[in-house]
>>> print(open('structure11.txt').read())   # compact mmCIF, C-alpha atoms and all ligand atoms
# COMPACT_ATOMS: atom_id res chain seq x y z
CA GLN A 1 -58.94 111.96 122.23
CA GLU A 2 -56.39 112.32 125.00
CA VAL A 3 -54.72 109.11 123.89
CA ILE A 4 -54.49 110.46 120.35
CA ASN A 5 -52.98 113.72 121.62
CA ARG A 6 -50.48 111.76 123.62
CA ILE A 7 -49.43 109.65 120.65
CA ALA A 8 -49.09 112.74 118.46
CA ALA A 9 -47.04 114.40 121.19
CA GLY A 10 -44.77 111.37 121.38
CA GLU A 11 -43.98 111.84 117.70
CA VAL A 12 -42.76 115.38 118.32
CA ILE A 13 -41.08 114.74 121.67
CA GLN A 14 -39.30 111.43 121.37
CA ARG A 15 -36.85 111.75 124.22
CA PRO A 16 -35.64 114.29 126.79
CA SER A 17 -33.12 115.78 124.36
CA SER A 18 -35.85 116.51 121.79
CA ALA A 19 -37.74 118.48 124.45
CA ILE A 20 -34.50 120.35 125.23
CA LYS A 21 -34.07 121.19 121.57
CA GLU A 22 -37.53 122.76 121.38
CA LEU A 23 -37.12 124.65 124.64
CA LEU A 24 -33.69 125.93 123.58
CA GLU A 25 -35.04 127.19 120.28
CA ASN A 26 -37.83 129.03 122.07
CA SER A 27 -35.33 130.70 124.39
CA LEU A 28 -33.16 131.66 121.43
CA ASP A 29 -36.20 132.97 119.53
CA ALA A 30 -36.90 135.14 122.58
CA LYS A 31 -33.47 136.77 122.06
CA SER A 32 -31.94 135.40 125.23
CA THR A 33 -28.26 136.03 125.83
CA SER A 34 -28.00 133.63 128.73
CA ILE A 35 -29.60 130.18 129.00
CA THR A 36 -29.26 127.80 131.93
CA ILE A 37 -30.42 124.21 131.88
CA GLN A 38 -30.73 121.95 134.88
CA ILE A 39 -31.44 118.24 134.55
CA LYS A 40 -32.74 115.66 136.99
CA GLU A 41 -32.51 111.96 136.12
CA GLY A 42 -31.58 112.40 132.50
CA GLY A 43 -34.44 114.85 132.01
CA LEU A 44 -37.15 112.33 132.85
CA LYS A 45 -37.68 113.67 136.36
CA GLN A 46 -37.10 117.32 135.55
CA ILE A 47 -35.86 119.67 132.87
CA ARG A 48 -35.51 123.27 133.99
CA ILE A 49 -34.53 125.96 131.53
CA ILE A 50 -34.01 129.56 132.59
CA ASP A 51 -33.50 132.31 130.04
CA ASN A 52 -33.24 136.10 130.05
CA GLY A 53 -35.26 136.60 126.88
CA HIS A 54 -38.25 138.85 126.24
CA GLY A 55 -40.65 136.79 128.32
CA ILE A 56 -44.31 135.88 127.72
CA LYS A 57 -47.13 138.36 128.15
CA VAL A 58 -49.60 137.41 130.87
CA GLU A 59 -52.50 137.53 128.40
CA ASP A 60 -50.75 134.89 126.26
CA LEU A 61 -50.41 132.43 129.12
CA PRO A 62 -53.89 130.81 129.05
CA LEU A 63 -53.51 129.47 125.49
CA LEU A 64 -49.75 128.94 125.51
CA CYS A 65 -49.88 125.15 125.46
CA GLU A 66 -52.77 124.88 123.05
CA ARG A 67 -51.79 123.36 119.71
CA PHE A 68 -50.87 125.79 116.94
CA THR A 69 -50.57 128.67 119.37
CA THR A 70 -47.60 130.70 118.32
CA SER A 71 -46.52 134.31 118.63
CA LYS A 72 -44.16 133.92 115.72
CA LEU A 73 -46.45 134.45 112.72
CA ARG A 74 -47.26 138.08 112.44
CA SER A 75 -46.11 139.22 109.02
CA PHE A 76 -47.00 137.99 105.57
CA GLU A 77 -43.52 136.56 105.22
CA ASP A 78 -44.17 134.47 108.29
CA LEU A 79 -47.37 133.17 106.76
CA GLN A 80 -45.41 132.06 103.73
CA GLN A 81 -43.12 130.25 106.08
CA ILE A 82 -45.88 128.31 107.72
CA SER A 83 -47.02 126.97 104.37
CA THR A 84 -43.50 125.83 103.68
CA PHE A 85 -41.71 125.09 106.90
CA GLY A 86 -44.86 123.33 108.01
CA PHE A 87 -46.13 123.40 111.53
CA ARG A 88 -45.78 125.94 114.30
CA GLY A 89 -46.85 126.13 117.87
CA GLU A 90 -46.63 122.42 118.55
CA ALA A 91 -43.70 122.08 120.89
CA LEU A 92 -45.10 123.29 124.20
CA ALA A 93 -48.46 121.71 123.40
CA SER A 94 -46.79 118.37 122.76
CA ILE A 95 -44.69 118.53 125.90
CA SER A 96 -47.78 119.33 127.97
CA HIS A 97 -49.43 116.09 126.82
CA VAL A 98 -46.57 113.94 128.06
CA ALA A 99 -45.33 115.91 131.09
CA HIS A 100 -46.28 118.54 133.65
CA ILE A 101 -45.18 122.06 132.79
CA SER A 102 -44.83 125.07 135.02
CA ILE A 103 -43.70 128.44 133.78
CA ILE A 104 -42.55 131.61 135.49
CA THR A 105 -42.14 134.49 133.11
CA LYS A 106 -41.70 138.25 133.16
CA THR A 107 -41.66 140.75 130.33
CA PRO A 108 -39.62 143.93 130.83
CA ASP A 109 -42.74 146.15 130.90
CA SER A 110 -44.53 144.11 133.57
CA SER A 111 -43.99 145.01 137.21
CA CYS A 112 -44.01 141.38 138.34
CA ALA A 113 -43.57 137.86 137.02
CA TYR A 114 -46.43 135.37 136.54
CA LYS A 115 -46.58 131.69 137.20
CA ALA A 116 -48.75 129.24 135.27
CA CYS A 117 -48.99 125.45 135.17
CA TYR A 118 -50.13 123.18 132.36
CA ALA A 119 -51.26 119.66 131.63
CA ASP A 120 -52.76 118.15 128.49
CA GLY A 121 -52.65 121.36 126.48
CA ALA A 122 -54.40 123.59 129.00
CA LEU A 123 -53.83 125.55 132.20
CA SER A 124 -53.91 123.40 135.31
CA PRO A 125 -53.75 124.29 139.00
CA CYS A 126 -50.25 124.88 140.37
CA GLY A 127 -51.28 124.38 143.99
CA ARG A 128 -53.83 122.54 146.08
CA ASP A 129 -56.35 125.38 145.98
CA GLY A 130 -57.35 124.32 142.47
CA ASN A 131 -56.92 127.77 140.98
CA LYS A 132 -55.72 127.59 137.37
CA ASP A 133 -55.27 131.30 136.72
CA PRO A 134 -51.73 132.59 136.25
CA GLN A 135 -50.60 134.09 139.55
CA PRO A 136 -48.33 137.10 140.05
CA CYS A 137 -45.04 136.26 141.72
CA ALA A 138 -41.50 137.52 142.11
CA GLY A 139 -39.13 137.02 139.22
CA THR A 140 -36.61 138.61 136.88
CA ASN A 141 -37.00 139.37 133.18
CA GLY A 142 -37.15 136.23 131.09
CA THR A 143 -38.68 132.81 131.29
CA GLN A 144 -38.19 129.77 133.44
CA ILE A 145 -39.81 126.56 132.24
CA ASN A 146 -40.00 123.38 134.32
CA VAL A 147 -40.87 120.15 132.63
CA GLU A 148 -41.54 117.43 135.18
CA ASP A 149 -42.14 113.70 134.95
CA LEU A 150 -41.65 113.42 131.22
CA PHE A 151 -43.59 110.44 129.78
CA TYR A 152 -45.33 109.83 133.13
CA ASN A 153 -48.39 108.80 131.10
CA VAL A 154 -46.49 106.89 128.40
CA LEU A 155 -44.91 104.16 130.45
CA THR A 156 -43.60 102.16 127.49
CA ARG A 157 -41.69 105.25 126.38
CA LYS A 158 -40.47 106.02 129.85
CA ARG A 159 -39.12 102.50 130.32
CA ALA A 160 -37.12 102.82 127.11
CA PHE A 161 -34.83 105.31 128.86
CA GLY A 162 -33.10 103.08 131.34
CA ASN A 163 -29.87 105.00 131.64
CA ALA A 164 -30.13 108.55 132.96
CA ASN A 165 -26.45 109.25 132.34
CA LYS A 166 -26.79 108.37 128.71
CA GLU A 167 -29.75 110.72 128.31
CA PHE A 168 -27.87 113.45 130.12
CA ARG A 169 -24.96 113.06 127.68
CA ARG A 170 -27.35 113.37 124.75
CA ILE A 171 -28.70 116.58 126.27
CA VAL A 172 -25.23 118.02 126.77
CA ASP A 173 -24.45 117.09 123.19
CA VAL A 174 -27.48 118.99 121.86
CA VAL A 175 -26.73 122.03 124.03
CA SER A 176 -23.07 121.97 122.93
CA LYS A 177 -24.04 122.06 119.28
CA TYR A 178 -26.49 124.93 119.75
CA SER A 179 -23.87 126.82 121.72
CA ILE A 180 -21.47 126.67 118.77
CA LEU A 181 -24.09 128.08 116.42
CA ASN A 182 -25.17 130.67 118.99
CA ASN A 183 -21.73 131.75 120.20
CA HIS A 184 -23.16 135.14 121.19
CA VAL A 185 -25.21 133.40 123.90
CA SER A 186 -23.91 132.03 127.18
CA PHE A 187 -25.05 128.44 127.90
CA THR A 188 -24.89 126.48 131.11
CA CYS A 189 -25.95 122.87 131.46
CA LYS A 190 -25.76 120.91 134.67
CA ARG A 191 -27.19 118.02 136.61
CA HIS A 192 -29.32 119.24 139.50
CA ASP A 193 -27.07 117.60 142.08
CA GLN A 194 -23.84 118.95 140.61
CA LYS A 195 -22.19 122.13 141.81
CA SER A 196 -20.14 122.82 138.72
CA PRO A 197 -21.80 122.65 135.34
CA THR A 198 -20.94 119.97 132.80
CA LEU A 199 -21.07 122.61 130.10
CA HIS A 200 -20.51 126.32 130.39
CA THR A 201 -19.86 128.70 127.53
CA SER A 202 -19.48 132.47 127.67
CA GLN A 203 -20.69 134.93 125.10
CA THR A 204 -18.04 135.24 122.43
CA THR A 205 -17.68 136.89 119.04
CA ASN A 206 -16.03 133.85 117.53
CA ARG A 207 -17.40 130.32 117.11
CA THR A 208 -13.95 128.79 117.37
CA ASN A 209 -13.73 130.10 120.95
CA THR A 210 -16.83 128.08 121.77
CA ILE A 211 -15.46 125.04 119.96
CA GLN A 212 -12.26 125.39 121.96
CA ASN A 213 -14.24 125.61 125.18
CA ILE A 214 -16.15 122.42 124.39
CA TYR A 215 -13.74 120.24 122.43
CA GLY A 216 -10.40 121.65 123.52
CA ALA A 217 -7.58 123.81 122.22
CA ASN A 218 -6.02 121.02 120.17
CA LEU A 219 -9.01 120.86 117.86
CA ALA A 220 -9.48 124.64 117.87
CA SER A 221 -5.93 125.15 116.61
CA GLN A 222 -6.50 122.80 113.67
CA LEU A 223 -9.64 124.33 112.20
CA ILE A 224 -10.33 125.75 108.78
CA THR A 225 -13.06 128.38 108.64
CA PHE A 226 -14.72 129.51 105.44
CA SER A 227 -18.04 130.57 103.99
CA PHE A 228 -19.58 130.86 100.57
CA GLU A 229 -22.81 131.67 98.80
CA ASN A 230 -24.46 130.44 95.68
CA THR A 231 -27.28 132.26 93.95
CA ASP A 232 -28.13 129.67 91.29
CA TYR A 233 -29.24 127.13 93.83
CA PRO A 234 -29.78 129.67 96.53
CA HIS A 235 -27.95 128.83 99.70
CA SER A 236 -25.17 130.12 101.88
CA VAL A 237 -22.81 128.05 103.96
CA GLU A 238 -20.65 128.78 106.96
CA ALA A 239 -18.18 126.01 107.59
CA ILE A 240 -15.71 125.18 110.34
CA ILE A 241 -13.86 121.98 109.62
CA SER A 242 -10.82 120.18 110.97
CA ASN A 243 -7.75 119.84 108.76
CA THR A 244 -6.35 116.56 107.51
CA ILE A 245 -4.20 116.00 110.56
CA TYR A 246 -6.44 116.37 113.58
CA SER A 247 -8.56 113.41 114.58
CA MET A 248 -11.70 113.21 116.73
CA LYS A 249 -12.67 109.97 118.47
CA LYS A 250 -15.18 109.53 115.68
CA PHE A 251 -16.47 111.61 112.79
CA LEU A 252 -18.37 114.54 114.30
CA PHE A 253 -20.78 116.12 111.85
CA ILE A 254 -22.83 119.08 113.08
CA LEU A 255 -25.41 120.38 110.64
CA PHE A 256 -27.70 123.37 111.07
CA ILE A 257 -30.13 124.34 108.37
CA ASN A 258 -31.78 127.70 108.97
CA ASN A 259 -30.59 127.60 112.58
CA ARG A 260 -32.16 124.24 113.31
CA LEU A 261 -30.08 121.20 114.21
CA VAL A 262 -30.89 118.55 111.62
CA ASP A 263 -29.56 115.48 109.85
CA ASN A 264 -29.03 114.90 106.18
CA VAL A 265 -27.53 111.53 105.48
CA SER A 266 -26.51 112.26 101.88
CA LEU A 267 -24.69 115.43 102.86
CA LYS A 268 -22.92 113.67 105.68
CA LYS A 269 -21.73 110.95 103.32
CA ALA A 270 -20.56 113.49 100.75
CA VAL A 271 -18.55 115.33 103.41
CA GLU A 272 -17.00 112.11 104.63
CA SER A 273 -15.94 111.18 101.12
CA ALA A 274 -14.50 114.67 100.54
CA TYR A 275 -12.11 113.90 103.39
CA SER A 276 -11.34 110.34 102.37
CA ALA A 277 -8.86 111.39 99.69
CA TYR A 278 -6.78 113.35 102.21
CA LEU A 279 -7.01 111.44 105.44
CA GLN A 280 -4.83 108.74 106.82
CA ARG A 281 -6.68 105.73 108.12
CA GLY A 282 -8.15 106.16 111.55
CA VAL A 283 -8.35 109.96 111.34
CA HIS A 284 -11.84 111.28 112.05
CA PRO A 285 -12.84 114.82 111.08
CA PHE A 286 -14.83 117.53 112.83
CA VAL A 287 -17.29 119.32 110.57
CA PHE A 288 -19.66 122.14 111.53
CA LEU A 289 -21.95 123.46 108.80
CA SER A 290 -24.54 126.18 109.07
CA ILE A 291 -26.56 126.33 105.87
CA LYS A 292 -29.16 128.95 105.04
CA ILE A 293 -31.74 128.05 102.43
CA PRO A 294 -34.84 130.07 101.50
CA PRO A 295 -37.53 128.51 103.72
CA ASN A 296 -39.75 127.78 100.75
CA ASN A 297 -37.01 125.50 99.37
CA LEU A 298 -37.26 123.17 102.36
CA ASP A 299 -39.42 120.10 101.96
CA VAL A 300 -42.99 120.84 103.02
CA ASN A 301 -43.83 117.27 103.74
CA ILE A 302 -41.28 116.79 106.43
CA HIS A 303 -42.31 117.78 109.88
CA PRO A 304 -39.87 120.33 111.31
CA THR A 305 -39.34 118.27 114.41
CA LYS A 306 -38.15 115.33 112.34
CA LYS A 307 -34.40 115.50 112.26
CA GLU A 308 -33.81 114.43 108.68
CA VAL A 309 -34.40 117.40 106.37
CA ARG A 310 -34.67 117.46 102.58
CA PHE A 311 -34.47 120.52 100.37
CA LEU A 312 -34.70 121.77 96.81
CA HIS A 313 -31.58 121.39 94.59
CA GLU A 314 -30.24 119.03 97.21
CA GLU A 315 -27.80 117.24 94.91
CA LYS A 316 -26.34 120.46 93.53
CA ILE A 317 -25.95 121.98 96.95
CA ILE A 318 -24.31 118.87 98.35
CA GLU A 319 -21.97 118.75 95.38
CA SER A 320 -20.87 122.34 95.84
CA ILE A 321 -20.26 121.86 99.58
CA GLN A 322 -18.23 118.75 98.84
CA GLU A 323 -16.16 120.63 96.27
CA GLN A 324 -15.45 123.52 98.63
CA ILE A 325 -14.35 121.20 101.39
CA MET A 326 -12.01 119.31 99.07
CA LYS A 327 -10.53 122.58 97.89
CA LYS A 328 -9.86 123.76 101.44
CA LEU A 329 -8.37 120.43 102.49
CA GLN A 330 -6.08 120.45 99.50
CA GLU A 331 -4.93 124.00 100.24
CA SER A 332 -4.26 123.15 103.86
CA SER A 333 -2.41 119.91 103.20
CA SER A 334 -0.16 121.19 100.47
P1 LIG A 401 -43.45 128.05 118.32
O1 LIG A 401 -42.06 128.16 118.82
O2 LIG A 401 -43.54 127.30 117.02
O3 LIG A 401 -44.16 129.38 118.26
P2 LIG A 401 -43.92 126.63 120.79
O4 LIG A 401 -44.96 125.64 121.20
O5 LIG A 401 -42.50 126.18 120.79
O6 LIG A 401 -44.29 127.15 119.33
O7 LIG A 401 -44.05 127.92 121.69
C1 LIG A 401 -45.30 128.57 121.74
C2 LIG A 401 -45.15 130.05 122.07
O8 LIG A 401 -44.72 130.19 123.42
C3 LIG A 401 -44.09 130.76 121.27
O9 LIG A 401 -44.62 131.24 120.04
C4 LIG A 401 -43.69 131.91 122.20
O10 LIG A 401 -44.58 132.99 122.04
C5 LIG A 401 -43.93 131.35 123.57
N1 LIG A 401 -42.67 130.95 124.23
C6 LIG A 401 -42.27 129.68 124.48
N2 LIG A 401 -41.09 129.67 125.12
C7 LIG A 401 -40.72 130.94 125.30
C8 LIG A 401 -39.58 131.60 125.91
N3 LIG A 401 -38.58 130.89 126.47
N4 LIG A 401 -39.55 132.95 125.91
C9 LIG A 401 -40.55 133.68 125.34
N5 LIG A 401 -41.64 133.13 124.75
C10 LIG A 401 -41.74 131.78 124.72
MG MG A 402 -40.87 126.58 119.42
>>> encode(input="structure11.txt", output="structure tokens")
Amino acid sequence: QEVINRIAAGEVIQRPSSAIKELLENSLDAKSTSITIQIKEGGLKQIRIIDNGHGIKVEDLPLLCERFTTSKLRSFEDLQQISTFGFRGEALASISHVAHISIITKTPDSSCAYKACYADGALSPCGRDGNKDPQPCAGTNGTQINVEDLFYNVLTRKRAFGNANKEFRRIVDVVSKYSILNNHVSFTCKRHDQKSPTLHTSQTTNRTNTIQNIYGANLASQLITFSFENTDYPHSVEAIISNTIYSMKKFLFILFINNRLVDNVSLKKAVESAYSAYLQRGVHPFVFLSIKIPPNNLDVNIHPTKKEVRFLHEEKIIESIQEQIMKKLQESSS
């Protein structure tokens, strides 16, 4: 059974950056305004994420890493979401089957923080005394999660990540993208042995400020921002795209659907071809899209942790996004 759990967990958590993505989303769900991430050896030795969100109640700690344990399904609407968006409560469980987790968390109404440790979906002792119960300790409001020795029990997987720097760059890339979507949150990402962070964003009211912080003022000064809604094929889109002049090193396509970083190959291709009529050779665009779709229009059969996402009226929606982008590029280049 443990082997099966481990294989299932490996499907959800494929590499350090996929663990980061899940942990980030949890911190954001907890309404954090500040999130700090510290990485040791590309995340394989340690991932530490510290947030100032609403914390976890001590009575929720014992079952926290059990599969399908979630605090996010309370209303009927939420129940509808589970039947459509698929699975919930799998991230921490999965991580606990392929790593050691320790958590320190404090809710605002608790007088102290609590520490708990996990392995294989259940509480495990934090110290040598063998006691598994969450222990009171000092701490500030919010949650600190340590993930240590990722894939320690899946050696084939662990060996696949030879280059810690490369994994660290992937992590920074994921955090950067989430920081653009969540510009009202301050993000810090650093290697444990570094003094100054590789990525640091402040809370800002404007996504282009965050883009400027990460990709530079040159790009930020060449952006076109627009949004639109469509009620026939219900969706809304917020777009920030580079004009026909500015060029990235390569085409950078950032896609969020319902606040989750995903891929959609057809949409990416459609966006690329929208540019092709206006671009000189060797010019690579920057495109950030945040699309909202009613959750019951997302494909049920695709696991939410899989990056590629399909949705209802996909062709129509892609077409309308392509059209809008072409329109904006034409306006800006004429
Ligand atoms: P899900 O996010 O689908 O509920 P997870 O396995 O990602 O499942 O998390 C399980 C539960 O742990 C969440 O529902 C939430 O209650 C709690 N949790 C995890 N991380 C945090 C955090 N950073 N702050 C507050 N609560 C958290
Ligand atoms: Mg989660």
>>> closest_atom_pairs(input="structure11.txt", of="chain A", to="ligand LIG 401 (chain A)", cutoff="9 Å", atoms="all atoms listed in the file", output="CSV")
residue,atom,partner,partner_atom,distance
A:Glu22,CA,A:LIG401,O5,6.1
A:Leu23,CA,A:LIG401,N2,6.4
A:Leu24,CA,A:LIG401,N3,7.5
A:Glu25,CA,A:LIG401,O1,7.2
A:Asn26,CA,A:LIG401,N2,4.5
A:Ser27,CA,A:LIG401,N3,3.9
A:Leu28,CA,A:LIG401,N3,7.4
A:Asp29,CA,A:LIG401,N4,7.2
A:Ala30,CA,A:LIG401,N4,4.8
A:Lys31,CA,A:LIG401,N4,8.1
A:Ser32,CA,A:LIG401,N4,8.0
A:Ile49,CA,A:LIG401,N3,8.1
A:Ile50,CA,A:LIG401,N3,7.8
A:Asp51,CA,A:LIG401,N3,6.4
A:Asn52,CA,A:LIG401,N4,8.2
A:Gly53,CA,A:LIG401,N4,5.7
A:His54,CA,A:LIG401,C9,5.7
A:Gly55,CA,A:LIG401,C9,4.3
A:Ile56,CA,A:LIG401,N5,4.8
A:Lys57,CA,A:LIG401,N5,8.3
A:Asp60,CA,A:LIG401,O10,7.7
A:Leu61,CA,A:LIG401,O8,8.4
A:Leu64,CA,A:LIG401,O8,5.6
A:Cys65,CA,A:LIG401,O4,6.5
A:Glu66,CA,A:LIG401,O4,8.1
A:Arg67,CA,A:LIG401,O4,7.4
A:Phe68,CA,A:LIG401,O6,7.1
A:Thr69,CA,A:LIG401,C1,5.8
A:Thr70,CA,A:LIG401,O9,3.5
A:Ser71,CA,A:LIG401,O9,3.9
A:Lys72,CA,A:LIG401,O9,5.1
A:Leu73,CA,A:LIG401,O3,7.9
A:Phe87,CA,A:LIG401,O2,7.2
A:Arg88,CA,A:LIG401,O2,3.8
A:Gly89,CA,A:LIG401,O6,3.1
A:Glu90,CA,A:LIG401,O4,4.5
A:Ala91,CA,A:LIG401,O4,3.8
A:Leu92,CA,A:LIG401,O4,3.8
A:Ala93,CA,A:LIG401,O4,5.7
A:Ser94,CA,A:LIG401,O4,7.7
A:Ile95,CA,A:LIG401,O4,8.5
A:Thr105,CA,A:LIG401,N4,7.8
A:Thr107,CA,A:LIG401,C9,8.7
A:Gly142,CA,A:LIG401,N4,6.6
A:Thr143,CA,A:LIG401,N3,5.2
A:Gln144,CA,A:LIG401,N3,7.1
A:Ile145,CA,A:LIG401,N3,7.3
>>> closest_residue(input="structure11.txt", among="A:Ser17, A:Asn264, A:Ser124, A:Ser110", to="Lys307 in chain A", atoms="all atoms listed in the file")
A:Asn264
>>> atom_distance(input="structure11.txt", atom1="CA of Ser102 in chain A", atom2="CA of Ala8 in chain A")
21.1 Å
>>> residues_around(input="structure11.txt", residues="Ile293 in chain A", least_positions_apart="5", cutoff="8 Å", atoms="all atoms listed in the file", output="count of residues only")
6
>>> residues_around(input="structure11.txt", residues="Gln222 in chain A", least_positions_apart="3", cutoff="12 Å", atoms="only C-alpha atoms", output="number ranges by chain")
A: 208, 211-212, 215-219, 225, 240-248, 285-287, 329, 332-333
>>> residues_around(input="structure11.txt", residues="Ala270 in chain A", least_positions_apart="5", cutoff="9 Å", atoms="all atoms listed in the file", output="JSON, numbers by chain")
{"A": [265, 275, 318, 319, 321, 322]}
>>> closest_residue(input="structure11.txt", among="A:Gly43, A:Gly139, A:Gly127, A:Gly10", to="Phe168 in chain A", atoms="all atoms listed in the file")
A:Gly43
>>> closest_residue(input="structure11.txt", among="A:Ile20, A:Glu315, A:Val237, A:Gln280", to="ligand MG 402 (chain A)", atoms="all atoms listed in the file")
A:Ile20
>>> atom_distance(input="structure11.txt", atom1="CA of Phe256 in chain A", atom2="CA of Ala164 in chain A")
26.5 Å
>>> atom_distance(input="structure11.txt", atom1="CA of Lys177 in chain A", atom2="CA of Val262 in chain A")
10.9 Å
>>> residues_around(input="structure11.txt", residues="Asp120 in chain A", least_positions_apart="4", cutoff="8 Å", atoms="only C-alpha atoms", output="list in words")
Glu2, Ala93, Ser96, His97 and Val98 of chain A
>>> residues_around(input="structure11.txt", residues="Leu255 in chain A", least_positions_apart="6", cutoff="7 Å", atoms="all atoms listed in the file", output="count of residues only")
6
>>> closest_residue(input="structure11.txt", among="A:Lys190, A:Lys250, A:His184, A:Lys158", to="Lys45 in chain A", atoms="all atoms listed in the file")
A:Lys158
>>> closest_residue(input="structure11.txt", among="A:Val12, A:Lys327, A:Pro295, A:Leu223", to="ligand MG 402 (chain A)", atoms="only C-alpha atoms and all ligand atoms")
A:Val12
>>> residues_near_point(input="structure11.txt", point="(-46.3, 109.1, 126.8)", cutoff="9 Å", atoms="all atoms listed in the file", output="list in words")
Val3, Arg6, Ile7, Ala9, Gly10, His97, Val98, Ala99, Leu150, Phe151, Tyr152, Asn153, Val154, Leu155, Thr156, Arg157 and Lys158 of chain A
>>> closest_residue(input="structure11.txt", among="A:Arg15, A:Lys132, A:His313, A:Lys328", to="Ala160 in chain A", atoms="all atoms listed in the file")
A:Arg15
